[in-house]
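The structure appears right after this line, and notes come after that.
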Amino acid sequence: MPEIGEKTVLDSGWLAARSTEVPLTGIQLTTTHPPPGPTSPWMEAVVPGTVLATLVKNKVVADPFYGLENEMIHDIADSGREYYTFWFFTKFQCKLSGNQHLDLNFRAINYSAEVYLNGHKKVLPKGMFQRHSLEVTEFLNPDGSNLLAVLVHPPDHPGRIPPQGGQGGDHEIGKDVATQYVEGWDWIAPVRDRNTGIWDEVSISVTGPVKIIDPHLVSSFFDRYTRVYLHATIELENRSASVAECSLNIQVTTELEGNVCLMEHLQTQHVSIPPKTRTQYTFPQLFFYKPNLWWPNGMGKQSLYNVSITVDVKGYGESDSWAQLFGLRKIESHIDKATGGRLFKVNGQPIFIRGGNWTLSDCLLRLSKERYETDIKFHVDMNMNMIRCWGGGLAERPEFYHYCDVYGLLVWQEFWITGDVDGRGVPISNPNGPLDHDLFLLCARDTIKLLRNHPSLALWVGGNEQVPPADINTALRNDLKLHPFFETHGENITSVEELSTQFKDPSQYLDGTRVYIRGSLWDGFANGTGDFTDGPYEIQNPEDFFKDDFYQYGFNPEVGSVGIPVAATIRATMPPEGWQLPLFKKLSNGYVEEVPNPTWKYHKYIPYSKPGEVHDQIELYGTPKDLDDFCLKAQLANYIQYRALLEGWSSRMWSKYTGVLIWKTQNPWTGLRGQFYDHLLDQTAGFYACRCAAEPIHVQLNLDTYFIQVVNTTMEELSNVAIEASVWDLEGACPYYKVFDKLSLPPKKVVSISEMKYPKSKKPKPVFFLLLKLYHVSDNSIISRNFYWLHHPGGDYKLLEPYRNKRIPLKITSKTFIKGSSYKIEMNVLNKSKKPDPKPLTYKNNFAIRNIEPLEPISDTGTNPNQTTGLFQRLYRQFSKETNGLKVAETNGSDVGVAFFLNFSVHDSKMDHKEGEDRRILPVHYSDNYFSLVPGEEMSVKISFKVPPGVSPRVTLKGWNYHQGVHTVP
């Protein structure tokens, strides 16, 4: 039984059945003939989730994520809508007392539904993206036992998939207000039920006579961000038959160390509400002097205040309550004159955008807080600062935004328009958007109310590569116009009272705090006028990202490339026929064309070659021998590709570019393109390339000019720093060593230091390694480290093949901390091979402590990539030390050289596994991976993960020239 103002989520105990197999009405199901249990035709249901998720869970249909099995599932175009029209049924306990009221809440259903509760019927309107709150007080059974049945209908226009596939199938889905990817895209196969189902949270909530509805919180800034006001407007509904005399309380607290909260504000107001009416109330603004501000990842701390609102009714007591974590921050943007790109500022500071495109977490909409936290934490691990929710996918859920708030990821949220489905494509799609424009706007306004209080939400965009129809676009532009406080002139005003009284309180706007852009290719994105100028989406020559003619516009909203996962993921998601390597077809022009097997083609594999322009980036290392060899060489290519992409953009920060978003960061199914981690949550090497290249202060090599550069995206100047550049050959010698010292690096700048001249020296080696370290001169602490493997122009990496036979001695030290099912491990790896000379290399990776306050994980799911060792140790103190302490393992080897491309993984240590069984423990957060160590160098890697019950983990270390180390965790 929920307390006043609290909700009880109904996420278990659901049953489902195909409507054509249930010869009962909704009234019968919820009175005299409830389902007896999960016996045919009823089965255990996935709620939140979709019909297809339920069918997959019960093994009624094949696994659409495995091999070609999606082709075995009936498509709604062939089966008819009735095939995916389903009943969902559950029970719940609730008995009210006094003047209490119960709401039954559906946060989203796709696409329409009839709701039956204890024999009473309610019809929900259509639309995938709107909330439904039904007062059901009068329908409850006196004994507190309640029966709920929901008949869910698919979208009205599910469409048909043309033989050639294509973006959004035949585009019929665009006539509805629903996700558009479900008819298939160039990164996903069609989703057979078109996401039909109760796909978001269902809950019940109890209130007294007065209910709080959709509070709107806004912070306004004056006097150079030292003075901040919190504005709050709420809607109140009096459900009683008499006037409600209300006492409204707003409370603001901030959490200090050790779960101690500091009260910032407590205010009480009085209001009278006539019977059976709704009224809007705006609190007097609350004043903060020099508060803790919310910053994006890489710029500062994600300070969050807890804002709670309660309403007490005279003669009744507390009637309802509401709470929200809220960040005080101002975000603004404009078209930059120097670059033509949209330039974002947070709290007055420009932020260079390096982020990713997001479709959705899971295409069967099996959405969970745990998965969302891992997804968002992974993006922060990669040092990204923005994520774009693409218009063919979802208006993302509050849980998604919660973790973006907590971890500092700005969000670009689009509405449900895409060029391919709304005006382009084959066949040409309907340019007028959905059939029901009023429904679209109803869903859009409800989505705005759902998400507007999140500080991570940075901007609204009308659609992907398309503008909404004129009437919808005009309505959205008017609904989302900026309040005068959020135009750029406000910071120098000393108080809110100095502004004209003609302006309404900003919390009375629908939003008013963040910009609305009509489409992803307009107004500072791509060429700004809607022409198709995003991309490219294929493999590139790494050096091309640095060239003057690569991309001509200031902000690229989509640029994509390859992304095949590791071999274990291929084996786990495909039968043996899907393990066959692509055919490397030699062409007359000297290039290689990759011809993938049918399973890879179905899973949207994108080649590592572009005949005529880009030589095959896997074959540069030699023709792969088997799947493991292919995927390992692909990881090398992934790393080089994505590091070059981001370093190329960063090399022109503010001079040519204001930002870039990579298409895309992940896949909502088992796809083989454009991803930094796969659907099973294992990272590719590209993940760590991105983590390296997007760090806030970064030393890099311009692959076009061979100049060493430092990118400082922070607000602080670096002084008394130096760069150490060392070249290592395949024999373990160091033929080039140079220190560039006495450097000062201004904030928000890219500085070219000097040319790396080794390739122009006498007899340079055809393949060599380059290690760059930016460090503080005072204590040699490293700020940024970057390791390259390079070949001469026109060359290749084939000399690395015999380098696999090197036996480099390593010393591996580990320390393990355990708390229940959570593990935190610190692994130190030392390359013990002898240094060739006594040069004073800063060989130990004693990384510098940054001034930005690090992130504390919300739960035991990972560590922040910017954490210092000290913070990691403090986290360890929360854990039970059920460990044998320090463990040391040493490997023999007489060779001297680089321990190349080392990679940790975590596995179940049990021995009685089935052949081919995927024994990985996922997800795992690593502070770094796919790293290399020069002679004498040591690396500390922090690893955190959870294990299922009864599982003992082991950590494995492998590498290009290291194949034997296994560390077993107790």
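Naming scheme: A, B, ... for chains in displayed order of the structure tokens; residues 1 onward per chain; ligands 1 onward as shown.
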
Inset, instruction - Using backbone DSSP assignments, extract all helix (DSSP H, G or I) residues from range 59-304 of chain A; output them as a PyMOL selection string. - result: chain A and resi 69-72+76-79+81-84+137-139+172-175+181-183+257-259

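Using only C-alpha atoms, the protein and nucleic acid residues lying no more than 6 Å from range 81-97 of chain A, apart from those fewer than 2 places from it along its own chain, are Met1, Trp14, Leu15, Ala16, Ala17, Arg18, Ser19, Ile76, Ser79, Gln100, Gly144, Ser145, Asn146, Leu147, Leu148, Ala149, Val150, Leu151, Val152 and His153 of chain A.
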
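For the atom pair formed by CA of Val406 in chain A and CA of Lys301 in chain A, the distance is 9.4 Å, given to one decimal.
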
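For the choices A:Met382, A:Leu24, A:Ala637, A:Ala178, the atom-to-atom distance to Tyr677 in chain A is smallest for A:Met382 when using only C-alpha atoms.
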
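Take the candidates A:Ala45, A:Gln302, A:Phe344, A:Leu117 and check each one against Lys57 in chain A using only C-alpha atoms; the shortest distance goes to A:Ala45.
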
Inset, instruction - Please report, as a count of residues only, each residue of range 53-187 of chain A to which DSSP assigns strand (DSSP E) when run on this structure's backbone. - result: 38

Legend entry - Residue nearest Gly612 in chain A - candidates A:Ser894, A:Asn845, A:Ser588, A:Ser368, atoms counted: only C-alpha atoms: A:Ser588

Inset, instruction - Tell me which protein, DNA and RNA residues are within 7 Å of range 442-448 of chain A, counting only C-alpha atoms, leaving out same-chain ones fewer than 3 positions away, and put them as a PyMOL selection string. - result: chain A and resi 127+129-130+438-439+451-452

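Of the listed residues (A:Lys748, A:Lys7, A:His132, A:Lys815), A:Lys748 comes nearest to Gln349 in chain A; the distances count only C-alpha atoms.
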
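With distances restricted to only C-alpha atoms, A:Gly169 is the closest residue to Ser429 in chain A from A:Trp294, A:Gly169, A:Ser319, A:Leu510.
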
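You will find CA of Thr31 in chain A at 28.7 Å from CA of Gly5 in chain A.
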
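For the pair CA of Ala568 in chain A and CA of Gly686 in chain A, the interatomic distance is 16.5 Å.
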
Legend entry - Residue neighbourhood Arg919 in chain A, 10 Å, only C-alpha atoms, exclusion window fewer than 4 positions, as a ChimeraX atom specification: /A:568,572,906-910,913-914,953

Once you have the residues from the selection above, write them out as a compact mmCIF listing (two decimals), in the first residue's frame, restricted to all heavy atoms.
```txt
# COMPACT_ATOMS: atom_id res chain seq x y z
N ALA A 568 34.17 -13.01 -28.93
CA ALA A 568 33.26 -13.67 -27.99
C ALA A 568 31.82 -13.22 -28.21
O ALA A 568 30.88 -14.01 -28.04
CB ALA A 568 33.70 -13.38 -26.56
N ALA A 572 28.62 -15.52 -29.29
CA ALA A 572 27.46 -15.55 -28.40
C ALA A 572 26.18 -15.16 -29.10
O ALA A 572 25.09 -15.48 -28.60
CB ALA A 572 27.71 -14.61 -27.21
N VAL A 906 36.82 -10.06 -17.80
CA VAL A 906 36.39 -10.74 -16.58
C VAL A 906 35.47 -11.89 -16.97
O VAL A 906 34.56 -11.73 -17.79
CB VAL A 906 35.65 -9.77 -15.63
CG1 VAL A 906 35.30 -10.47 -14.32
CG2 VAL A 906 36.52 -8.54 -15.35
N HIS A 907 35.74 -13.06 -16.37
CA HIS A 907 35.02 -14.28 -16.73
C HIS A 907 34.56 -15.02 -15.48
O HIS A 907 35.08 -14.83 -14.39
CB HIS A 907 35.94 -15.21 -17.54
CG HIS A 907 36.50 -14.60 -18.77
ND1 HIS A 907 35.98 -14.82 -20.02
CD2 HIS A 907 37.54 -13.74 -18.94
CE1 HIS A 907 36.68 -14.13 -20.91
NE2 HIS A 907 37.63 -13.46 -20.28
N ASP A 908 33.58 -15.91 -15.68
CA ASP A 908 33.20 -16.87 -14.66
C ASP A 908 34.31 -17.92 -14.58
O ASP A 908 34.72 -18.49 -15.58
CB ASP A 908 31.87 -17.51 -15.07
CG ASP A 908 31.35 -18.50 -14.04
OD1 ASP A 908 32.09 -18.83 -13.10
OD2 ASP A 908 30.21 -18.96 -14.20
N SER A 909 34.78 -18.19 -13.38
CA SER A 909 35.93 -19.08 -13.23
C SER A 909 35.55 -20.56 -13.17
O SER A 909 36.43 -21.41 -13.06
CB SER A 909 36.71 -18.73 -11.96
OG SER A 909 35.90 -18.90 -10.82
N LYS A 910 34.26 -20.89 -13.24
CA LYS A 910 33.87 -22.30 -13.13
C LYS A 910 34.44 -23.09 -14.30
O LYS A 910 34.61 -22.59 -15.41
CB LYS A 910 32.35 -22.44 -13.09
CG LYS A 910 31.64 -22.12 -14.40
CD LYS A 910 30.14 -22.36 -14.27
CE LYS A 910 29.45 -22.08 -15.62
NZ LYS A 910 27.99 -22.32 -15.55
N HIS A 913 31.89 -25.62 -17.79
CA HIS A 913 31.07 -24.86 -18.72
C HIS A 913 30.88 -25.65 -20.02
O HIS A 913 31.69 -26.51 -20.36
CB HIS A 913 31.71 -23.51 -19.01
CG HIS A 913 33.05 -23.61 -19.68
ND1 HIS A 913 34.21 -23.84 -18.95
CD2 HIS A 913 33.41 -23.53 -20.98
CE1 HIS A 913 35.24 -23.91 -19.79
NE2 HIS A 913 34.77 -23.72 -21.02
N LYS A 914 29.82 -25.32 -20.72
CA LYS A 914 29.57 -25.94 -22.01
C LYS A 914 30.50 -25.37 -23.06
O LYS A 914 30.92 -24.21 -22.98
CB LYS A 914 28.12 -25.71 -22.43
CG LYS A 914 27.09 -26.27 -21.47
CD LYS A 914 25.68 -25.90 -21.92
CE LYS A 914 24.64 -26.38 -20.92
NZ LYS A 914 23.27 -25.94 -21.30
N PRO A 953 34.48 -14.84 -9.99
CA PRO A 953 35.06 -14.24 -11.20
C PRO A 953 36.56 -14.48 -11.30
O PRO A 953 37.23 -14.77 -10.31
CB PRO A 953 34.77 -12.76 -11.00
CG PRO A 953 34.82 -12.58 -9.52
CD PRO A 953 34.30 -13.85 -8.92
```

Inset, instruction - Excluding Gly622 in chain A and any residue of its chain fewer than 2 positions from it, enumerate the residues within 6 Å of it, using only C-alpha atoms, and give them as a PyMOL selection string. - result: chain A and resi 619-620+798

Take the residues from that selection and write them out as a compact mmCIF listing (two decimals), in the first residue's frame, keeping N, CA, C and O atoms.
```
# COMPACT_ATOMS: atom_id res chain seq x y z
N GLU A 619 43.42 -5.58 -43.12
CA GLU A 619 44.49 -6.23 -43.89
C GLU A 619 45.82 -5.51 -43.78
O GLU A 619 46.85 -6.07 -44.15
N LEU A 620 45.82 -4.28 -43.27
CA LEU A 620 47.09 -3.60 -43.02
C LEU A 620 47.97 -4.42 -42.08
O LEU A 620 49.20 -4.28 -42.08
N LYS A 798 52.28 -4.91 -41.30
CA LYS A 798 52.50 -6.35 -41.38
C LYS A 798 53.71 -6.80 -40.54
O LYS A 798 53.77 -7.96 -40.13
```

Legend entry - Selection near Ser205 in chain A, 12 Å with only C-alpha atoms, sequence-local residues under 2 positions removed, as an MDAnalysis selection string: chainID A and resid 1:10 94:96 100:106 133:137 202:203 207:208 211:212 319:322

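When only C-alpha atoms are used to compute distances to Lys760 in chain A, the closest of the residues A:Tyr706, A:Trp669, A:Phe415, A:Trp789 turns out to be A:Tyr706.
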